[in-house]
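Asks: What follows is query_29.txt; its format and atoms are compact mmCIF, C-alpha atoms and all ligand atoms.
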# COMPACT_ATOMS: atom_id res chain seq x y z
CA MET A 1 0.00 0.00 0.00
CA SER A 2 1.24 3.46 -0.77
CA LYS A 3 2.19 6.03 1.82
CA ILE A 4 -0.56 8.29 3.14
CA LYS A 5 0.11 11.90 2.16
CA HIS A 6 0.89 13.61 5.43
CA LYS A 7 1.37 17.26 6.32
CA PRO A 8 4.02 18.51 8.77
CA SER A 9 1.15 19.79 10.91
CA ASP A 10 -0.16 16.24 11.44
CA PRO A 11 0.51 14.80 14.89
CA ILE A 12 3.07 12.26 16.08
CA GLY A 13 1.18 9.19 17.35
CA ILE A 14 2.46 7.57 20.54
CA PHE A 15 1.11 4.58 22.44
CA ASP A 16 1.79 2.59 25.57
CA SER A 17 0.06 0.05 27.76
CA GLY A 18 -0.78 2.90 30.12
CA ILE A 19 0.74 6.13 31.27
CA GLY A 20 4.41 5.10 31.67
CA GLY A 21 4.95 5.93 27.99
CA LEU A 22 4.41 9.55 28.95
CA THR A 23 8.15 9.57 29.77
CA VAL A 24 8.74 9.07 26.03
CA ALA A 25 6.05 11.62 25.12
CA ALA A 26 7.78 14.09 27.47
CA ALA A 27 11.17 13.51 25.81
CA ILE A 28 9.62 13.98 22.35
CA HIS A 29 7.86 17.14 23.49
CA LYS A 30 11.12 18.49 24.94
CA ALA A 31 13.14 17.72 21.81
CA LEU A 32 10.42 18.76 19.34
CA PRO A 33 8.24 21.36 21.08
CA SER A 34 6.44 22.45 17.88
CA GLU A 35 5.13 18.96 17.18
CA LYS A 36 1.53 18.00 17.84
CA LEU A 37 1.16 14.81 19.86
CA ILE A 38 -1.58 12.25 20.09
CA TYR A 39 -1.09 9.67 22.83
CA PHE A 40 -3.02 6.51 23.55
CA GLY A 41 -2.62 4.61 26.84
CA ASP A 42 -4.30 1.22 26.95
CA THR A 43 -5.13 1.47 30.64
CA ALA A 44 -7.94 -1.09 30.24
CA HIS A 45 -5.28 -3.77 29.59
CA LEU A 46 -2.48 -2.56 31.83
CA PRO A 47 0.00 -4.16 32.51
CA TYR A 48 1.15 -5.59 29.18
CA GLY A 49 4.10 -7.19 30.98
CA ASP A 50 1.91 -10.13 32.01
CA LYS A 51 -0.17 -10.52 28.82
CA SER A 52 0.27 -13.15 26.11
CA PRO A 53 2.10 -12.18 22.90
CA ASP A 54 -1.11 -12.68 20.87
CA SER A 55 -3.04 -10.25 23.07
CA ILE A 56 -0.27 -7.64 22.95
CA LYS A 57 -0.14 -7.85 19.13
CA TYR A 58 -3.93 -7.57 18.88
CA TYR A 59 -4.08 -4.51 21.15
CA SER A 60 -1.13 -2.82 19.47
CA ILE A 61 -2.54 -3.19 15.96
CA ARG A 62 -5.92 -1.77 16.95
CA ILE A 63 -4.25 1.19 18.67
CA ALA A 64 -2.02 1.79 15.63
CA ASP A 65 -5.23 2.01 13.57
CA PHE A 66 -6.66 4.51 16.06
CA LEU A 67 -3.56 6.69 15.65
CA LEU A 68 -3.76 6.44 11.86
CA GLU A 69 -7.46 7.39 11.99
CA HIS A 70 -6.27 10.51 13.84
CA LYS A 71 -3.80 11.31 11.03
CA ALA A 72 -0.60 10.32 12.87
CA LYS A 73 2.39 10.97 10.59
CA CYS A 74 4.49 8.41 12.46
CA ILE A 75 3.80 5.89 15.21
CA VAL A 76 5.99 5.58 18.28
CA ILE A 77 5.59 2.41 20.35
CA ALA A 78 6.42 3.98 23.71
CA CYS A 79 6.34 0.69 25.58
CA ASN A 80 9.15 -1.82 25.83
CA THR A 81 6.81 -4.79 26.14
CA ALA A 82 4.80 -3.84 23.02
CA SER A 83 8.02 -2.94 21.16
CA ALA A 84 9.52 -6.32 22.09
CA ILE A 85 6.50 -8.35 21.08
CA ALA A 86 4.42 -6.39 18.57
CA TYR A 87 6.84 -4.14 16.62
CA GLU A 88 7.05 -6.44 13.59
CA ALA A 89 3.28 -7.06 13.62
CA VAL A 90 2.49 -3.34 13.79
CA LYS A 91 4.99 -2.57 11.02
CA LYS A 92 3.48 -5.25 8.81
CA HIS A 93 -0.03 -4.01 9.50
CA VAL A 94 0.85 -0.36 8.86
CA ASN A 95 2.48 -1.55 5.65
CA GLY A 96 4.71 1.43 4.99
CA LYS A 97 1.91 4.00 5.31
CA VAL A 98 3.85 5.77 8.09
CA PRO A 99 7.17 5.07 9.86
CA VAL A 100 6.96 3.00 13.06
CA VAL A 101 9.50 3.64 15.82
CA SER A 102 10.13 1.19 18.65
CA VAL A 103 11.97 1.99 21.87
CA ILE A 104 14.37 -0.88 21.32
CA GLU A 105 16.35 -0.05 18.15
CA PRO A 106 17.51 3.41 19.32
CA THR A 107 18.64 1.85 22.62
CA VAL A 108 20.55 -0.94 20.88
CA GLU A 109 22.26 1.75 18.78
CA ILE A 110 23.49 3.47 21.96
CA ILE A 111 25.05 0.19 23.07
CA HIS A 112 26.86 -0.29 19.77
CA ASN A 113 28.09 3.28 19.71
CA ASN A 114 29.61 2.90 23.17
CA PHE A 115 30.69 -0.73 23.58
CA SER A 116 32.64 -3.13 21.39
CA GLN A 117 32.93 -5.66 24.22
CA GLY A 118 31.73 -6.07 27.80
CA LYS A 119 28.73 -7.16 29.84
CA ILE A 120 25.35 -5.48 29.31
CA GLY A 121 22.47 -5.87 31.77
CA VAL A 122 18.80 -5.47 30.85
CA ILE A 123 15.92 -5.01 33.27
CA GLY A 124 12.25 -4.88 32.24
CA THR A 125 8.85 -6.52 32.53
CA LYS A 126 8.41 -10.30 32.34
CA GLY A 127 7.14 -9.95 28.75
CA THR A 128 10.14 -7.94 27.57
CA ILE A 129 12.68 -10.19 29.28
CA ARG A 130 10.95 -13.39 28.11
CA SER A 131 11.08 -12.14 24.50
CA ASP A 132 14.90 -11.96 24.79
CA VAL A 133 14.75 -9.25 22.13
CA TYR A 134 17.49 -7.02 23.54
CA ARG A 135 20.02 -9.87 23.67
CA LYS A 136 19.12 -10.97 20.14
CA LYS A 137 19.32 -7.46 18.66
CA ILE A 138 22.53 -6.57 20.48
CA GLN A 139 24.29 -9.82 19.60
CA ASP A 140 23.04 -9.75 15.99
CA LYS A 141 25.45 -6.87 15.49
CA ASN A 142 28.20 -7.91 17.91
CA GLU A 143 28.47 -11.42 19.31
CA LYS A 144 31.26 -10.36 21.66
CA LEU A 145 28.84 -8.48 23.89
CA ASN A 146 27.58 -10.54 26.80
CA VAL A 147 23.94 -9.68 27.57
CA VAL A 148 22.24 -10.68 30.83
CA SER A 149 18.58 -9.97 31.54
CA LEU A 150 16.44 -9.82 34.66
CA ALA A 151 12.67 -9.40 34.93
CA THR A 152 11.88 -6.76 37.56
CA PRO A 153 8.06 -6.84 37.66
CA LEU A 154 7.70 -5.00 40.97
CA LEU A 155 9.23 -1.80 39.65
CA ALA A 156 6.49 -0.51 37.30
CA PRO A 157 3.59 -0.81 39.80
CA MET A 158 5.84 0.55 42.54
CA ILE A 159 6.57 3.68 40.49
CA GLU A 160 2.95 4.07 39.47
CA GLU A 161 1.96 4.11 43.12
CA GLY A 162 4.43 6.94 43.67
CA PHE A 163 7.03 4.84 45.47
CA PHE A 164 10.35 6.19 44.30
CA ASN A 165 13.17 8.12 45.92
CA ASN A 166 12.24 6.62 49.26
CA ARG A 167 13.25 3.82 51.60
CA ILE A 168 10.90 1.26 50.08
CA SER A 169 12.01 1.85 46.50
CA LYS A 170 15.65 1.72 47.58
CA THR A 171 15.12 -1.67 49.20
CA VAL A 172 13.31 -3.09 46.14
CA ILE A 173 15.83 -1.66 43.66
CA ASP A 174 18.86 -2.81 45.69
CA SER A 175 17.38 -6.28 46.02
CA TYR A 176 16.97 -6.65 42.24
CA LEU A 177 20.28 -5.08 41.28
CA SER A 178 22.25 -7.20 43.76
CA ARG A 179 21.32 -10.42 41.93
CA PRO A 180 24.48 -12.34 40.98
CA LYS A 181 23.71 -12.27 37.24
CA LEU A 182 23.90 -8.47 37.21
CA LYS A 183 27.35 -8.40 38.86
CA LYS A 184 30.08 -6.42 37.10
CA ILE A 185 27.99 -5.06 34.25
CA ASP A 186 29.37 -2.25 32.08
CA ALA A 187 25.93 -0.89 31.18
CA LEU A 188 22.37 -1.35 32.34
CA ILE A 189 19.47 -0.87 29.93
CA LEU A 190 16.31 0.43 31.59
CA ALA A 191 13.99 -1.54 29.32
CA CYS A 192 10.71 -0.18 30.64
CA THR A 193 9.18 3.23 30.07
CA HIS A 194 8.58 3.71 33.81
CA TYR A 195 12.23 3.39 34.79
CA PRO A 196 13.52 6.87 33.86
CA LEU A 197 11.81 7.90 37.11
CA ILE A 198 14.18 5.73 39.14
CA LYS A 199 17.27 6.36 37.01
CA LYS A 200 18.93 8.40 39.77
CA GLU A 201 18.33 5.69 42.36
CA ILE A 202 19.67 3.06 39.99
CA SER A 203 22.73 5.19 39.17
CA SER A 204 23.50 5.63 42.83
CA PHE A 205 23.58 1.84 43.26
CA TYR A 206 26.44 1.57 40.76
CA SER A 207 29.89 3.04 40.66
CA LYS A 208 30.61 5.53 37.88
CA GLY A 209 31.87 2.66 35.69
CA THR A 210 28.36 1.46 34.79
CA MET A 211 26.47 3.37 32.11
CA ILE A 212 22.72 3.60 32.79
CA ILE A 213 20.73 3.83 29.57
CA ASP A 214 17.13 4.97 29.26
CA SER A 215 15.73 5.15 25.79
CA ALA A 216 13.37 8.13 25.96
CA GLU A 217 15.85 10.71 24.61
CA ALA A 218 17.22 8.32 21.99
CA VAL A 219 13.68 7.68 20.75
CA ALA A 220 12.99 11.41 20.53
CA GLU A 221 16.14 11.87 18.41
CA LYS A 222 15.10 8.97 16.17
CA VAL A 223 11.71 10.64 15.64
CA ARG A 224 13.45 13.90 14.73
CA GLU A 225 15.66 12.06 12.21
CA ILE A 226 12.64 10.37 10.59
CA LEU A 227 10.62 13.59 10.37
CA GLU A 228 13.57 15.43 8.83
CA GLU A 229 14.17 12.67 6.28
CA ASN A 230 10.49 12.79 5.27
CA ASP A 231 10.16 16.61 5.27
CA LEU A 232 7.56 16.30 8.01
CA MET A 233 8.98 18.57 10.75
CA ASN A 234 6.31 20.94 11.97
CA THR A 235 7.47 24.50 11.72
CA GLY A 236 4.14 25.98 12.77
CA LYS A 237 3.92 27.45 16.25
CA LYS A 238 0.69 25.82 17.37
CA SER A 239 1.44 22.51 19.05
CA THR A 240 -1.50 20.64 20.54
CA ARG A 241 -1.38 17.52 22.68
CA HIS A 242 -4.17 14.99 23.09
CA PHE A 243 -4.05 12.12 25.55
CA PHE A 244 -6.52 9.24 25.33
CA VAL A 245 -6.94 6.21 27.57
CA SER A 246 -9.06 3.09 27.11
CA ASP A 247 -10.15 3.17 30.76
CA PHE A 248 -10.34 6.36 32.79
CA THR A 249 -9.85 6.60 36.53
CA GLN A 250 -8.97 9.58 38.67
CA SER A 251 -5.94 7.65 39.83
CA PHE A 252 -4.56 7.47 36.26
CA GLN A 253 -5.22 11.19 35.89
CA GLU A 254 -3.32 11.88 39.13
CA SER A 255 -0.40 9.66 38.09
CA THR A 256 0.17 11.63 34.87
CA LYS A 257 1.86 14.28 37.03
CA ILE A 258 4.63 11.81 37.85
CA PHE A 259 5.42 11.11 34.20
CA PHE A 260 4.84 14.38 32.33
CA LYS A 261 5.54 17.89 33.56
CA GLY A 262 2.78 20.22 32.48
CA PRO A 263 -0.98 19.87 32.44
CA ILE A 264 -2.49 16.77 30.90
CA GLU A 265 -6.15 16.00 30.55
CA LEU A 266 -6.79 12.31 29.94
CA LYS A 267 -9.80 11.63 27.74
CA HIS A 268 -11.63 8.35 27.83
CA TYR A 269 -11.84 6.65 24.41
CA PRO A 270 -13.64 3.28 24.72
CA ILE A 271 -11.67 1.58 21.96
CA TRP A 272 -12.55 -1.94 23.17
CA ASP A 273 -16.32 -1.51 23.36
CA ASN A 274 -18.21 -3.82 21.01
CA GLU A 275 -15.20 -6.10 20.51
N1 LIG B 301 5.03 0.33 29.56
C1 LIG B 301 5.47 -1.01 29.92
C2 LIG B 301 6.87 -1.24 29.37
O1 LIG B 301 7.60 -0.30 29.00
C3 LIG B 301 5.47 -1.25 31.41
C4 LIG B 301 4.13 -1.46 32.00
C5 LIG B 301 3.40 -2.72 31.52
O2 LIG B 301 3.76 -3.85 31.90
O3 LIG B 301 2.47 -2.54 30.77
O4 LIG B 301 7.29 -2.37 29.27
Turn this file's structure into structure tokens for me.
Ligand code: DGL
Replies:
Amino acid sequence: MSKIKHKPSDPIGIFDSGIGGLTVAAAIHKALPSEKLIYFGDTAHLPYGDKSPDSIKYYSIRIADFLLEHKAKCIVIACNTASAIAYEAVKKHVNGKVPVVSVIEPTVEIIHNNFSQGKIGVIGTKGTIRSDVYRKKIQDKNEKLNVVSLATPLLAPMIEEGFFNNRISKTVIDSYLSRPKLKKIDALILACTHYPLIKKEISSFYSKGTMIIDSAEAVAEKVREILEENDLMNTGKKSTRHFFVSDFTQSFQESTKIFFKGPIELKHYPIWDNE
């Protein structure tokens, strides 16, 4: 199918299993303040980390369609679990109509730009770690890199409940990062969109020798590169932002403050009704 004719004033489409992907939306907004954003958080199905691959693919494809229906000029999968499991399926479904950006490729690029050998740790949801996608993509380009992964399922709900930068989060984080398999790593990939919020705590666990990598900024730069290549950078001054969720609660609305500085009004869009 041929590309849809887009205008620079069309929005960037972003989706996540919930509101954690707002860390990526925030990085895109910071790097590209003139761009319009349309965000979809699938709060009705949160967390994706525990869902089956078939379900995650099904949800992701429907949400990609929603973003296309709202004229998205590119689609950013701002969720590690969906990027790990549904990136290929979404790309195939979108069929070249718009570029699709995952959070994984830009992160893997950072690794290759900084390491030719060494031990790389990855932490993320059960779904992301089970997919083994980071190890595969890193070692596809350089077999010499040793990649070790650990599922850290307590971290995302902990952050969502506002538990970070305190005694409880320190105990949970230290307990995960002290696992023998993560000993002596040269870099740690924060393979979950919630983790930028605990980056400082994670950094303070390690000595300066360990590089802590969160993908939000790298994804924003990738989006800039793609928009430039396609002559789709918005030069207009008026940037609007729309945030939709599949299930609305006041608690989700409150939690947006943790992930995105600046006012956000979540709108309920019942995408799963009649399915
Ligand atoms: N946004 C998800 C991710 O980056 C974390 C939350 C979930 O499990 O849905 O993997």
Asks: Neighbouring residues of Asp54 of chain A were defined as those with any atom within 12 Å, considering only C-alpha atoms; residues of the same chain fewer than 5 positions away were excluded. Please report them as a ChimeraX atom specification.
Replies: /A:48,59-61,82,85-86,89,127
Asks: Mind pulling up the distance from atom CA of Ile63 of chain A to atom CA of His194 of chain A?
Replies: 20.0 Å
Asks: Rank A:Ile111, A:Val122, A:Ala156, A:Leu22 by their smallest atom-to-atom distance to ligand LIG 301 (chain B), using all atoms listed in the file, and report the top residue only.
Replies: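 Of all the options, A:Ala156 lies closest to ligand LIG 301 (chain B).
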Asks: Rank A:Asp140, A:Glu69, A:Glu201, A:Asp214 by their smallest atom-to-atom distance to ligand LIG 301 (chain B), using all atoms listed in the file, and report the top residue only.
Replies: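 For ligand LIG 301 (chain B), the nearest of the candidates is A:Asp214.
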Asks: Got a sec: who's within 10 Å of Leu177 of chain A, counting all atoms listed in the file, leaving out chain neighbours fewer than 2 positions off, as a PyMOL selection string?
Replies: chain A and resi 121+123+150+152+172-175+179-183+188+202+205-206
Asks: Can those selected residues be exported to a file as a PDB file, keeping the file's coordinate frame so that it contains C-alpha atoms?
Replies:
ATOM      1  CA  GLY A 121      22.470  -5.870  31.770  1.00  0.00           C
ATOM      2  CA  ILE A 123      15.920  -5.010  33.270  1.00  0.00           C
ATOM      3  CA  LEU A 150      16.440  -9.820  34.660  1.00  0.00           C
ATOM      4  CA  THR A 152      11.880  -6.760  37.560  1.00  0.00           C
ATOM      5  CA  VAL A 172      13.310  -3.090  46.140  1.00  0.00           C
ATOM      6  CA  ILE A 173      15.830  -1.660  43.660  1.00  0.00           C
ATOM      7  CA  ASP A 174      18.860  -2.810  45.690  1.00  0.00           C
ATOM      8  CA  SER A 175      17.380  -6.280  46.020  1.00  0.00           C
ATOM      9  CA  ARG A 179      21.320 -10.420  41.930  1.00  0.00           C
ATOM     10  CA  PRO A 180      24.480 -12.340  40.980  1.00  0.00           C
ATOM     11  CA  LYS A 181      23.710 -12.270  37.240  1.00  0.00           C
ATOM     12  CA  LEU A 182      23.900  -8.470  37.210  1.00  0.00           C
ATOM     13  CA  LYS A 183      27.350  -8.400  38.860  1.00  0.00           C
ATOM     14  CA  LEU A 188      22.370  -1.350  32.340  1.00  0.00           C
ATOM     15  CA  ILE A 202      19.670   3.060  39.990  1.00  0.00           C
ATOM     16  CA  PHE A 205      23.580   1.840  43.260  1.00  0.00           C
ATOM     17  CA  TYR A 206      26.440   1.570  40.760  1.00  0.00           C
TER      18      TYR A 206
END
Asks: So the first atom is atom CA of Pro196 of chain A and the second is atom CA of Ile213 of chain A; what is the distance between them in Å, to one decimal place?
Replies: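 These two atoms are separated by 8.9 Å.
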Asks: Could you list, as a PyMOL selection string, all residues that come within 9 Å of ligand LIG 301 (chain B)? Count all atoms listed in the file.
Replies: chain A and resi 16-21+42-43+45-51+78-84+103+124-128+153+156-157+191-195
Asks: Could you please give me, as a list of chain:residue names, the residues of protein, DNA or RNA lying at most 6 Å from (-1.6, -0.2, 12.6) in the coordinate frame of the file, considering all atoms listed in the file?
Replies: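 Returned residue set, sorted by chain then number, is A:Ile61, A:Ala64, A:Asp65, A:Val90, A:His93, A:Val94.
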Asks: How many Å lie between atom CA of Lys71 of chain A and atom CA of His6 of chain A, rounded to one decimal?
Replies: 7.7 Å
Asks: Could you check which residues have any atom within 10 Å of (-6.3, 3.8, 28.2), counting all atoms listed in the file with coordinates taken straight from the file, and then list them as a ChimeraX atom specification?
Replies: /A:15-19,39-46,243-249,252,266-272
Asks: Keeping only C-alpha atoms, write the selected residues as an mmCIF file, keeping the file's coordinate frame.
Replies:
data_model
loop_
_atom_site.group_PDB
_atom_site.id
_atom_site.type_symbol
_atom_site.label_atom_id
_atom_site.label_comp_id
_atom_site.auth_asym_id
_atom_site.auth_seq_id
_atom_site.Cartn_x
_atom_site.Cartn_y
_atom_site.Cartn_z
ATOM 1 C CA PHE A 15 1.110 4.580 22.440
ATOM 2 C CA ASP A 16 1.790 2.590 25.570
ATOM 3 C CA SER A 17 0.060 0.050 27.760
ATOM 4 C CA GLY A 18 -0.780 2.900 30.120
ATOM 5 C CA ILE A 19 0.740 6.130 31.270
ATOM 6 C CA TYR A 39 -1.090 9.670 22.830
ATOM 7 C CA PHE A 40 -3.020 6.510 23.550
ATOM 8 C CA GLY A 41 -2.620 4.610 26.840
ATOM 9 C CA ASP A 42 -4.300 1.220 26.950
ATOM 10 C CA THR A 43 -5.130 1.470 30.640
ATOM 11 C CA ALA A 44 -7.940 -1.090 30.240
ATOM 12 C CA HIS A 45 -5.280 -3.770 29.590
ATOM 13 C CA LEU A 46 -2.480 -2.560 31.830
ATOM 14 C CA PHE A 243 -4.050 12.120 25.550
ATOM 15 C CA PHE A 244 -6.520 9.240 25.330
ATOM 16 C CA VAL A 245 -6.940 6.210 27.570
ATOM 17 C CA SER A 246 -9.060 3.090 27.110
ATOM 18 C CA ASP A 247 -10.150 3.170 30.760
ATOM 19 C CA PHE A 248 -10.340 6.360 32.790
ATOM 20 C CA THR A 249 -9.850 6.600 36.530
ATOM 21 C CA PHE A 252 -4.560 7.470 36.260
ATOM 22 C CA LEU A 266 -6.790 12.310 29.940
ATOM 23 C CA LYS A 267 -9.800 11.630 27.740
ATOM 24 C CA HIS A 268 -11.630 8.350 27.830
ATOM 25 C CA TYR A 269 -11.840 6.650 24.410
ATOM 26 C CA PRO A 270 -13.640 3.280 24.720
ATOM 27 C CA ILE A 271 -11.670 1.580 21.960
ATOM 28 C CA TRP A 272 -12.550 -1.940 23.170
#
Asks: Measuring between all atoms listed in the file, which one of A:Val223, A:Val133, A:Ile159, A:Ile185 shows the shortest distance to Ser255 of chain A?
Replies: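 Looking only at the distances to Ser255 of chain A, the closest residue turns out to be A:Ile159.
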Asks: Of the residues A:Ile258, A:Ile12, A:Val100, A:Ile75, which is the one nearest to Leu32 of chain A, using only C-alpha atoms?
Replies: A:Ile12
Asks: For Asp231 of chain A, find every residue with an atom within 12 Å (counting all atoms listed in the file), except residues of its own chain fewer than 5 positions away, and show them as a ChimeraX atom specification.
Replies: /A:5-9,73,224-226
Asks: Quick one: residues within 6 Å of segment 218-220 of chain A, all atoms listed in the file, excluding same-chain residues fewer than 2 positions away - as a VMD selection string?
Replies: chain A and resid 27 to 28 106 215 to 216 222 to 223
Asks: Between A:Lys137, A:Lys57, A:Lys199, A:His70, single out the one closest to Asp10 of chain A, counting all atoms listed in the file.
Replies: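 Residue with the minimum atom-to-atom distance to Asp10 of chain A: A:His70.
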